[in-house]
$ cat upload_3.cif   # mmCIF, C-alpha atoms and all ligand atoms
data_final
loop_
_atom_site.label_atom_id
_atom_site.label_comp_id
_atom_site.auth_asym_id
_atom_site.auth_seq_id
_atom_site.Cartn_x
_atom_site.Cartn_y
_atom_site.Cartn_z
CA MET A 1 144.37 -117.50 -57.87
CA ASN A 2 144.42 -121.10 -59.13
CA LYS A 3 147.16 -122.53 -56.93
CA VAL A 4 146.12 -124.51 -53.85
CA ILE A 5 147.95 -122.92 -50.95
CA SER A 6 148.11 -123.54 -47.23
CA LEU A 7 148.14 -120.44 -45.10
CA ALA A 8 148.06 -119.89 -41.33
CA ALA A 9 147.86 -116.59 -39.49
CA ILE A 10 149.59 -115.45 -36.31
CA ILE A 11 148.26 -112.68 -34.11
CA PRO A 12 150.95 -111.54 -31.65
CA ALA A 13 148.90 -110.42 -28.62
CA ALA A 14 151.28 -110.96 -25.73
CA GLY A 15 152.39 -107.36 -25.16
CA VAL A 16 151.64 -105.37 -22.01
CA GLY A 17 150.78 -102.10 -23.79
CA SER A 18 153.08 -99.96 -21.64
CA ARG A 19 152.63 -96.84 -23.82
CA MET A 20 148.86 -97.02 -23.35
CA GLY A 21 149.32 -96.62 -19.59
CA LEU A 22 146.41 -98.84 -18.53
CA ASN A 23 146.32 -101.42 -15.76
CA HIS A 24 145.62 -104.16 -18.33
CA PRO A 25 147.05 -104.99 -21.78
CA LYS A 26 145.68 -102.71 -24.52
CA GLN A 27 144.33 -105.61 -26.61
CA TYR A 28 141.53 -105.96 -24.03
CA LEU A 29 140.44 -102.34 -24.30
CA LYS A 30 136.99 -102.08 -25.84
CA ILE A 31 135.92 -100.51 -29.12
CA GLY A 32 132.14 -100.48 -28.88
CA ASP A 33 131.15 -103.72 -27.19
CA GLN A 34 134.12 -105.84 -28.27
CA THR A 35 137.76 -105.87 -27.28
CA ILE A 36 140.46 -104.78 -29.74
CA LEU A 37 141.65 -108.39 -29.97
CA GLU A 38 138.15 -109.65 -30.85
CA HIS A 39 137.77 -107.03 -33.60
CA THR A 40 141.15 -108.05 -35.06
CA LEU A 41 140.28 -111.73 -34.87
CA ASP A 42 136.93 -111.06 -36.57
CA LYS A 43 138.71 -109.46 -39.52
CA LEU A 44 141.13 -112.37 -40.04
CA SER A 45 138.32 -114.90 -39.57
CA LYS A 46 136.58 -113.40 -42.61
CA VAL A 47 139.49 -114.22 -44.92
CA ASP A 48 138.67 -117.64 -46.39
CA LEU A 49 142.26 -118.39 -47.44
CA ILE A 50 143.37 -118.38 -43.78
CA GLU A 51 143.02 -121.94 -42.57
CA HIS A 52 144.03 -121.50 -38.94
CA ILE A 53 144.84 -118.63 -36.57
CA TYR A 54 147.45 -118.87 -33.81
CA ILE A 55 147.22 -116.19 -31.11
CA ALA A 56 150.29 -115.58 -28.95
CA ILE A 57 149.12 -114.77 -25.42
CA SER A 58 151.25 -114.20 -22.35
CA ASP A 59 151.22 -117.06 -19.82
CA ASP A 60 150.32 -114.43 -17.18
CA ASP A 61 147.29 -113.19 -19.15
CA ALA A 62 144.17 -113.15 -16.97
CA TYR A 63 141.76 -111.94 -19.69
CA PHE A 64 141.98 -114.18 -22.77
CA ASP A 65 140.02 -117.09 -21.30
CA ASP A 66 137.04 -114.79 -20.65
CA LEU A 67 136.61 -113.97 -24.34
CA GLU A 68 133.95 -115.83 -26.22
CA LEU A 69 135.71 -116.80 -29.41
CA PRO A 70 133.26 -118.16 -31.97
CA ASP A 71 135.95 -119.30 -34.35
CA ASN A 72 137.07 -122.92 -34.10
CA ARG A 73 140.08 -122.08 -36.28
CA VAL A 74 141.91 -120.52 -33.29
CA THR A 75 144.79 -121.92 -31.17
CA ARG A 76 146.41 -120.13 -28.21
CA VAL A 77 150.21 -120.29 -27.96
CA SER A 78 152.57 -118.84 -25.34
CA GLY A 79 153.85 -115.34 -25.95
CA GLY A 80 157.52 -114.46 -25.56
CA LYS A 81 159.63 -111.65 -24.14
CA GLU A 82 159.54 -109.52 -27.32
CA ARG A 83 157.11 -109.51 -30.25
CA ALA A 84 159.59 -111.54 -32.36
CA ASN A 85 159.74 -114.21 -29.63
CA SER A 86 155.95 -114.41 -29.60
CA VAL A 87 155.85 -114.88 -33.38
CA LEU A 88 158.63 -117.48 -33.25
CA ASN A 89 156.75 -119.44 -30.56
CA ALA A 90 153.70 -119.52 -32.81
CA LEU A 91 155.78 -120.68 -35.78
CA LYS A 92 157.28 -123.46 -33.65
CA ALA A 93 153.80 -124.53 -32.55
CA MET A 94 152.99 -125.25 -36.22
CA LYS A 95 156.03 -127.45 -36.78
CA GLY A 96 154.02 -130.70 -36.75
CA SER A 97 152.07 -129.69 -39.88
CA PRO A 98 153.57 -126.45 -41.14
CA PRO A 99 151.67 -124.31 -43.65
CA GLU A 100 153.37 -123.04 -46.81
CA TRP A 101 152.69 -119.40 -45.92
CA VAL A 102 152.32 -117.46 -42.69
CA LEU A 103 150.54 -114.14 -42.29
CA VAL A 104 151.40 -112.13 -39.16
CA HIS A 105 149.05 -109.36 -38.01
CA ASP A 106 149.31 -107.20 -34.86
CA ALA A 107 146.45 -107.61 -32.39
CA ALA A 108 146.58 -103.83 -32.03
CA ARG A 109 145.50 -103.14 -35.68
CA PRO A 110 141.75 -103.84 -35.68
CA LEU A 111 140.98 -101.48 -38.58
CA VAL A 112 142.71 -103.57 -41.25
CA CYS A 113 140.53 -104.02 -44.34
CA ILE A 114 139.77 -107.49 -45.61
CA ASN A 115 140.36 -106.26 -49.19
CA ASP A 116 143.90 -105.23 -48.26
CA ILE A 117 144.60 -108.60 -46.63
CA GLU A 118 143.35 -110.37 -49.76
CA LYS A 119 145.44 -108.08 -51.98
CA LEU A 120 148.56 -108.91 -49.95
CA ILE A 121 147.89 -112.64 -50.17
CA THR A 122 147.10 -112.64 -53.88
CA THR A 123 150.09 -110.48 -54.83
CA CYS A 124 152.64 -112.41 -52.77
CA ILE A 125 151.44 -115.83 -53.74
CA SER A 126 151.28 -115.06 -57.46
CA ALA A 127 154.82 -113.60 -57.27
CA ASP A 128 155.97 -116.43 -54.97
CA GLU A 129 157.62 -113.78 -52.76
CA GLY A 130 156.90 -112.45 -49.28
CA GLY A 131 155.57 -108.98 -48.66
CA ILE A 132 153.96 -106.52 -46.31
CA LEU A 133 151.18 -103.97 -46.35
CA ALA A 134 152.75 -100.53 -46.24
CA SER A 135 151.70 -96.95 -46.85
CA LYS A 136 153.76 -94.24 -48.53
CA VAL A 137 155.03 -91.59 -46.13
CA LYS A 138 152.95 -88.43 -46.64
CA ASP A 139 154.57 -85.93 -44.26
CA THR A 140 157.76 -83.98 -44.86
CA ILE A 141 160.43 -85.90 -42.95
CA LYS A 142 163.18 -84.18 -40.95
CA LYS A 143 166.35 -85.77 -39.60
CA GLY A 144 167.92 -84.38 -36.45
CA ASP A 145 167.81 -84.07 -32.71
CA ILE A 146 167.29 -80.55 -31.32
CA TYR A 147 167.75 -78.96 -34.75
CA SER A 148 166.71 -80.34 -38.09
CA GLN A 149 169.84 -81.29 -40.04
CA GLU A 150 168.11 -82.16 -43.24
CA THR A 151 164.85 -82.90 -44.98
CA VAL A 152 164.86 -86.54 -46.04
CA PRO A 153 163.47 -87.25 -49.54
CA ARG A 154 160.34 -89.28 -48.96
CA ASP A 155 159.75 -90.74 -52.43
CA GLN A 156 161.18 -94.10 -51.34
CA LEU A 157 159.90 -94.06 -47.75
CA TRP A 158 157.11 -96.34 -46.61
CA GLN A 159 155.48 -96.88 -43.28
CA ALA A 160 155.44 -100.61 -42.53
CA LEU A 161 152.04 -101.99 -41.52
CA THR A 162 150.74 -105.48 -40.90
CA PRO A 163 149.76 -108.07 -42.07
CA GLN A 164 153.12 -109.33 -43.27
CA LEU A 165 153.14 -112.54 -45.32
CA PHE A 166 156.10 -114.89 -45.79
CA PRO A 167 156.89 -118.50 -46.64
CA TYR A 168 156.83 -120.50 -43.39
CA THR A 169 160.34 -122.00 -43.48
CA ALA A 170 162.08 -118.81 -44.62
CA LEU A 171 160.41 -116.79 -41.85
CA LEU A 172 161.16 -119.38 -39.17
CA ASN A 173 164.85 -119.45 -40.17
CA ALA A 174 165.14 -115.66 -40.49
CA LEU A 175 163.56 -114.95 -37.08
CA ASP A 176 165.49 -117.72 -35.40
CA SER A 177 168.85 -116.50 -36.68
CA ALA A 178 168.05 -112.83 -35.92
CA LEU A 179 167.18 -113.71 -32.33
CA VAL A 180 170.26 -115.93 -31.92
CA ASP A 181 172.42 -113.03 -33.18
CA GLY A 182 170.67 -110.52 -30.90
CA ALA A 183 169.64 -108.34 -33.88
CA LEU A 184 167.00 -105.66 -33.40
CA ILE A 185 163.88 -107.01 -35.06
CA THR A 186 160.76 -104.83 -34.97
CA ASP A 187 158.75 -106.73 -37.57
CA GLU A 188 158.98 -109.92 -39.62
CA ALA A 189 160.13 -107.94 -42.66
CA SER A 190 163.24 -106.71 -40.84
CA ALA A 191 164.25 -110.32 -40.13
CA MET A 192 163.64 -111.26 -43.78
CA GLU A 193 165.61 -108.24 -45.09
CA ARG A 194 168.48 -109.25 -42.80
CA ALA A 195 168.35 -112.78 -44.24
CA GLY A 196 168.54 -111.39 -47.81
CA GLN A 197 164.99 -112.48 -48.62
CA PRO A 198 162.60 -110.41 -50.76
CA VAL A 199 160.01 -108.20 -49.06
CA ARG A 200 157.43 -106.73 -51.44
CA LEU A 201 155.84 -103.43 -50.47
CA ILE A 202 152.12 -103.64 -51.12
CA SER A 203 150.22 -100.42 -50.76
CA GLY A 204 147.55 -100.61 -48.06
CA ARG A 205 145.17 -98.14 -46.42
CA SER A 206 146.98 -95.74 -44.11
CA ASP A 207 144.13 -95.89 -41.57
CA ASN A 208 145.27 -99.41 -40.62
CA ILE A 209 146.58 -97.76 -37.45
CA LYS A 210 148.37 -99.60 -34.64
CA ILE A 211 146.80 -98.58 -31.35
CA THR A 212 149.76 -97.49 -29.24
CA THR A 213 148.65 -94.47 -27.18
CA PRO A 214 145.29 -93.24 -25.81
CA GLU A 215 144.97 -90.78 -28.74
CA ASP A 216 145.17 -93.71 -31.17
CA HIS A 217 142.39 -95.48 -29.30
CA ALA A 218 140.04 -92.50 -29.58
CA LEU A 219 140.74 -92.20 -33.32
CA VAL A 220 140.29 -95.93 -33.95
CA CYS A 221 136.93 -95.91 -32.09
CA PHE A 222 135.73 -93.17 -34.45
CA LEU A 223 137.08 -94.88 -37.58
CA MET A 224 135.69 -98.29 -36.59
CA ASP A 225 132.25 -96.74 -36.23
CA GLN A 226 132.57 -95.25 -39.75
CA GLN A 227 133.84 -98.57 -41.13
CA GLN A 228 130.94 -100.54 -39.63
CA LYS A 229 128.37 -98.02 -40.97
CA SER A 230 129.81 -98.39 -44.48
CA ILE A 231 129.53 -102.22 -44.57
N1 LIG B 1 153.46 -108.32 -28.73
C1 LIG B 1 153.61 -109.69 -28.45
N2 LIG B 1 154.60 -110.09 -27.58
C2 LIG B 1 155.41 -109.21 -26.99
C3 LIG B 1 155.28 -107.82 -27.27
C4 LIG B 1 154.29 -107.41 -28.17
O1 LIG B 1 152.87 -110.50 -28.98
N3 LIG B 1 156.34 -109.64 -26.13
C5 LIG B 1 152.37 -107.89 -29.62
C6 LIG B 1 151.44 -106.86 -28.98
O2 LIG B 1 150.46 -107.51 -28.15
C7 LIG B 1 150.87 -106.13 -30.18
C8 LIG B 1 151.96 -106.26 -31.24
O3 LIG B 1 152.90 -107.23 -30.75
O4 LIG B 1 149.71 -106.73 -30.69
C9 LIG B 1 152.63 -104.93 -31.52
O5 LIG B 1 153.35 -104.51 -30.36
P1 LIG B 1 153.15 -103.13 -29.61
O6 LIG B 1 152.19 -102.26 -30.33
O7 LIG B 1 154.50 -102.60 -29.26
O8 LIG B 1 152.37 -103.59 -28.27
P2 LIG B 1 152.90 -103.66 -26.79
O9 LIG B 1 154.28 -104.23 -26.77
O10 LIG B 1 151.83 -104.36 -26.01
O11 LIG B 1 152.92 -102.11 -26.38
P3 LIG B 1 154.12 -101.29 -25.69
O12 LIG B 1 155.32 -101.41 -26.63
O13 LIG B 1 153.59 -99.89 -25.59
O14 LIG B 1 154.38 -101.94 -24.36
MG MG B 2 155.90 -103.18 -27.77
#
$ encode --input "upload_3.cif" --output "structure tokens"
Amino acid sequence: MNKVISLAAIIPAAGVGSRMGLNHPKQYLKIGDQTILEHTLDKLSKVDLIEHIYIAISDDDAYFDDLELPDNRVTRVSGGKERANSVLNALKAMKGSPPEWVLVHDAARPLVCINDIEKLITTCISADEGGILASKVKDTIKKGDIYSQETVPRDQLWQALTPQLFPYTALLNALDSALVDGALITDEASAMERAGQPVRLISGRSDNIKITTPEDHALVCFLMDQQQKSI
């Protein structure tokens, strides 16, 4: 990539982790001797193109200040009610010197591969279009409630992952207007789709799992061990 670009990352980490059922937010659960949030931050810190990392943390969070964060490229911002509010707060915190591009990555996805992050960045910036890491749906998909009504063709179905990378101004406007309109926004891409902006699907590793339930945590501990042995 020859273009000089400016790129900041946002890690939304202001959730309570209700589906994990712990008495503390899941991002502070340990994998080996580090918290999930520290593992995630380590991964993003290894991507040279990321100039600065904004982490959205709840104002009630009693754990973040105890972490020893080696990276001086990190700024804490206030989390919001929903994930989209947390991301928007981080975008607003950059308003003084906004980057051209913003990469958003869930705190709860510590297994992301640096190669995949770099592939996302390179592809989107060369195309001058936003995009997301995603993995093709592998299972047979049924639609229904008590009974299956149909089997949905899966050739065009993707599971959305993070990171998601978009131009700063377009993402700020798309999230702002989605929240003003009360639209259901589960990721940045859904706000960009709603705003009629392009979202490239960039194939990423399907083991970039979001830790949501205790079963996910057990699996991620195993996979992280494998990943660290293979480095
Ligand atoms: N997140 C956030 N601000 C919120 C809600 C979520 O920054 N108000 C973050 C979470 O910390 C997480 C990411 O968004 O890193 C993905 O959200 P999710 O997996 O749903 O985490 P939680 O909301 O914490 O979990 P749950 O939905 O089970 O309560
Ligand atoms: Mg949630």
$ residues_around --input "upload_3.cif" --residues "A:Ala178" --least-positions-apart "2" --cutoff "10 Å" --atoms "only C-alpha atoms" --output "short mmCIF file (atom, residue, chain, number, x, y, z; two decimals) with C-alpha atoms, keeping the file's coordinate frame"
data_model
loop_
_atom_site.label_atom_id
_atom_site.label_comp_id
_atom_site.auth_asym_id
_atom_site.auth_seq_id
_atom_site.Cartn_x
_atom_site.Cartn_y
_atom_site.Cartn_z
CA ALA A 84 159.59 -111.54 -32.36
CA ASN A 173 164.85 -119.45 -40.17
CA ALA A 174 165.14 -115.66 -40.49
CA LEU A 175 163.56 -114.95 -37.08
CA ASP A 176 165.49 -117.72 -35.40
CA VAL A 180 170.26 -115.93 -31.92
CA ASP A 181 172.42 -113.03 -33.18
CA GLY A 182 170.67 -110.52 -30.90
CA ALA A 183 169.64 -108.34 -33.88
CA LEU A 184 167.00 -105.66 -33.40
CA ILE A 185 163.88 -107.01 -35.06
CA SER A 190 163.24 -106.71 -40.84
CA ALA A 191 164.25 -110.32 -40.13
CA MET A 192 163.64 -111.26 -43.78
CA ARG A 194 168.48 -109.25 -42.80
CA ALA A 195 168.35 -112.78 -44.24
#
$ residues_near_ligand --input "upload_3.cif" --ligand "ligand LIG 1 (chain B)" --cutoff "8 Å" --atoms "all atoms listed in the file" --output "MDAnalysis selection string"
chainID A and resid 11:20 25:27 56:58 79:87 105:109 210:213
$ residues_around --input "upload_3.cif" --residues "stretch 43-47 of chain A" --least-positions-apart "6" --cutoff "12 Å" --atoms "only C-alpha atoms" --output "VMD selection string"
chain A and resid 7 to 11 36 to 37 53 to 55 69 to 74 103 to 107 109 to 122 162 to 163 224 228
$ write_last_selection --input "upload_3.cif" --atoms "C-alpha atoms" --output "PDB file, keeping the file's coordinate frame"
ATOM      1  CA  LEU A   7     148.140-120.440 -45.100  1.00  0.00           C
ATOM      2  CA  ALA A   8     148.060-119.890 -41.330  1.00  0.00           C
ATOM      3  CA  ALA A   9     147.860-116.590 -39.490  1.00  0.00           C
ATOM      4  CA  ILE A  10     149.590-115.450 -36.310  1.00  0.00           C
ATOM      5  CA  ILE A  11     148.260-112.680 -34.110  1.00  0.00           C
ATOM      6  CA  ILE A  36     140.460-104.780 -29.740  1.00  0.00           C
ATOM      7  CA  LEU A  37     141.650-108.390 -29.970  1.00  0.00           C
ATOM      8  CA  ILE A  53     144.840-118.630 -36.570  1.00  0.00           C
ATOM      9  CA  TYR A  54     147.450-118.870 -33.810  1.00  0.00           C
ATOM     10  CA  ILE A  55     147.220-116.190 -31.110  1.00  0.00           C
ATOM     11  CA  LEU A  69     135.710-116.800 -29.410  1.00  0.00           C
ATOM     12  CA  PRO A  70     133.260-118.160 -31.970  1.00  0.00           C
ATOM     13  CA  ASP A  71     135.950-119.300 -34.350  1.00  0.00           C
ATOM     14  CA  ASN A  72     137.070-122.920 -34.100  1.00  0.00           C
ATOM     15  CA  ARG A  73     140.080-122.080 -36.280  1.00  0.00           C
ATOM     16  CA  VAL A  74     141.910-120.520 -33.290  1.00  0.00           C
ATOM     17  CA  LEU A 103     150.540-114.140 -42.290  1.00  0.00           C
ATOM     18  CA  VAL A 104     151.400-112.130 -39.160  1.00  0.00           C
ATOM     19  CA  HIS A 105     149.050-109.360 -38.010  1.00  0.00           C
ATOM     20  CA  ASP A 106     149.310-107.200 -34.860  1.00  0.00           C
ATOM     21  CA  ALA A 107     146.450-107.610 -32.390  1.00  0.00           C
ATOM     22  CA  ARG A 109     145.500-103.140 -35.680  1.00  0.00           C
ATOM     23  CA  PRO A 110     141.750-103.840 -35.680  1.00  0.00           C
ATOM     24  CA  LEU A 111     140.980-101.480 -38.580  1.00  0.00           C
ATOM     25  CA  VAL A 112     142.710-103.570 -41.250  1.00  0.00           C
ATOM     26  CA  CYS A 113     140.530-104.020 -44.340  1.00  0.00           C
ATOM     27  CA  ILE A 114     139.770-107.490 -45.610  1.00  0.00           C
ATOM     28  CA  ASN A 115     140.360-106.260 -49.190  1.00  0.00           C
ATOM     29  CA  ASP A 116     143.900-105.230 -48.260  1.00  0.00           C
ATOM     30  CA  ILE A 117     144.600-108.600 -46.630  1.00  0.00           C
ATOM     31  CA  GLU A 118     143.350-110.370 -49.760  1.00  0.00           C
ATOM     32  CA  LYS A 119     145.440-108.080 -51.980  1.00  0.00           C
ATOM     33  CA  LEU A 120     148.560-108.910 -49.950  1.00  0.00           C
ATOM     34  CA  ILE A 121     147.890-112.640 -50.170  1.00  0.00           C
ATOM     35  CA  THR A 122     147.100-112.640 -53.880  1.00  0.00           C
ATOM     36  CA  THR A 162     150.740-105.480 -40.900  1.00  0.00           C
ATOM     37  CA  PRO A 163     149.760-108.070 -42.070  1.00  0.00           C
ATOM     38  CA  MET A 224     135.690 -98.290 -36.590  1.00  0.00           C
ATOM     39  CA  GLN A 228     130.940-100.540 -39.630  1.00  0.00           C
TER      40      GLN A 228
END
$ atom_distance --input "upload_3.cif" --atom1 "atom CA of A:Gly21" --atom2 "atom CA of A:Pro214"
8.1 Å
$ residues_near_point --input "upload_3.cif" --point "(156.3, -104.2, -54.2)" --cutoff "12 Å" --atoms "all atoms listed in the file" --output "list of chain:residue names"
A:Lys119, A:Leu120, A:Thr123, A:Cys124, A:Ala127, A:Glu129, A:Gly130, A:Gly131, A:Ile132, A:Leu133, A:Ala134, A:Ser135, A:Lys136, A:Gln156, A:Trp158, A:Pro198, A:Val199, A:Arg200, A:Leu201, A:Ile202, A:Ser203, A:Gly204
$ atom_distance --input "upload_3.cif" --atom1 "atom CA of A:Leu219" --atom2 "atom CA of A:Asp33"
16.2 Å
$ atom_distance --input "upload_3.cif" --atom1 "atom CA of A:Asn208" --atom2 "atom CA of A:Gln34"
17.8 Å
$ closest_residue --input "upload_3.cif" --among "A:Ala62, A:Leu172, A:Leu179, A:Ile5" --to "A:Lys92" --atoms "only C-alpha atoms"
A:Leu172
$ closest_residue --input "upload_3.cif" --among "A:Ser206, A:Thr186, A:Ser6, A:Ser230" --to "ligand MG 2 (chain B)" --atoms "only C-alpha atoms and all ligand atoms"
A:Thr186
$ closest_residue --input "upload_3.cif" --among "A:Asp187, A:Asp66, A:Asp207, A:Cys221" --to "ligand MG 2 (chain B)" --atoms "all atoms listed in the file"
A:Asp187
$ closest_residue --input "upload_3.cif" --among "A:Gly32, A:Lys95, A:Leu88, A:Leu165" --to "A:Ile50" --atoms "only C-alpha atoms"
A:Leu165
$ decode --input "upload_3.cif" --residues "stretch 87-96 of chain A" --atoms "all heavy atoms" --output "compact mmCIF listing (two decimals), in the first residue's frame"
# COMPACT_ATOMS: atom_id res chain seq x y z
N VAL A 87 -19.57 3.21 20.54
CA VAL A 87 -18.75 3.49 19.36
C VAL A 87 -18.89 4.97 18.98
O VAL A 87 -17.90 5.65 18.68
CB VAL A 87 -19.13 2.56 18.19
CG1 VAL A 87 -18.42 2.95 16.90
CG2 VAL A 87 -18.82 1.10 18.56
N LEU A 88 -20.12 5.47 19.02
CA LEU A 88 -20.34 6.88 18.67
C LEU A 88 -19.59 7.81 19.64
O LEU A 88 -19.00 8.80 19.21
CB LEU A 88 -21.85 7.19 18.66
CG LEU A 88 -22.24 8.53 18.05
CD1 LEU A 88 -21.78 8.66 16.59
CD2 LEU A 88 -23.76 8.73 18.11
N ASN A 89 -19.60 7.48 20.93
CA ASN A 89 -18.84 8.30 21.89
C ASN A 89 -17.36 8.35 21.53
O ASN A 89 -16.73 9.40 21.61
CB ASN A 89 -18.97 7.73 23.31
CG ASN A 89 -20.32 8.01 23.92
OD1 ASN A 89 -21.14 8.72 23.34
ND2 ASN A 89 -20.58 7.45 25.09
N ALA A 90 -16.83 7.19 21.12
CA ALA A 90 -15.41 7.16 20.75
C ALA A 90 -15.16 8.00 19.50
O ALA A 90 -14.18 8.74 19.42
CB ALA A 90 -14.97 5.71 20.53
N LEU A 91 -16.07 7.90 18.53
CA LEU A 91 -15.91 8.70 17.31
C LEU A 91 -15.94 10.20 17.64
O LEU A 91 -15.15 10.99 17.11
CB LEU A 91 -17.03 8.38 16.31
CG LEU A 91 -16.97 7.00 15.65
CD1 LEU A 91 -18.27 6.71 14.89
CD2 LEU A 91 -15.78 6.89 14.70
N LYS A 92 -16.84 10.57 18.56
CA LYS A 92 -16.94 11.99 18.93
C LYS A 92 -15.68 12.46 19.67
O LYS A 92 -15.28 13.61 19.55
CB LYS A 92 -18.19 12.23 19.76
CG LYS A 92 -19.46 12.17 18.91
CD LYS A 92 -20.70 12.44 19.71
CE LYS A 92 -21.92 12.44 18.78
NZ LYS A 92 -23.18 12.34 19.54
N ALA A 93 -15.06 11.54 20.41
CA ALA A 93 -13.83 11.90 21.13
C ALA A 93 -12.68 12.21 20.18
O ALA A 93 -11.70 12.84 20.55
CB ALA A 93 -13.44 10.76 22.08
N MET A 94 -12.79 11.75 18.93
CA MET A 94 -11.71 11.99 17.94
C MET A 94 -11.94 13.25 17.13
O MET A 94 -11.15 13.57 16.25
CB MET A 94 -11.66 10.84 16.91
CG MET A 94 -11.47 9.49 17.47
SD MET A 94 -11.62 8.28 16.13
CE MET A 94 -11.79 6.80 17.10
N LYS A 95 -13.04 13.94 17.40
CA LYS A 95 -13.46 15.04 16.51
C LYS A 95 -12.40 16.12 16.32
O LYS A 95 -12.30 16.70 15.26
CB LYS A 95 -14.77 15.66 17.01
CG LYS A 95 -15.97 15.15 16.25
CD LYS A 95 -17.24 15.90 16.62
CE LYS A 95 -18.36 15.52 15.66
NZ LYS A 95 -19.68 15.92 16.16
N GLY A 96 -11.59 16.37 17.36
CA GLY A 96 -10.55 17.41 17.29
C GLY A 96 -9.56 17.13 16.16
O GLY A 96 -9.18 18.04 15.42
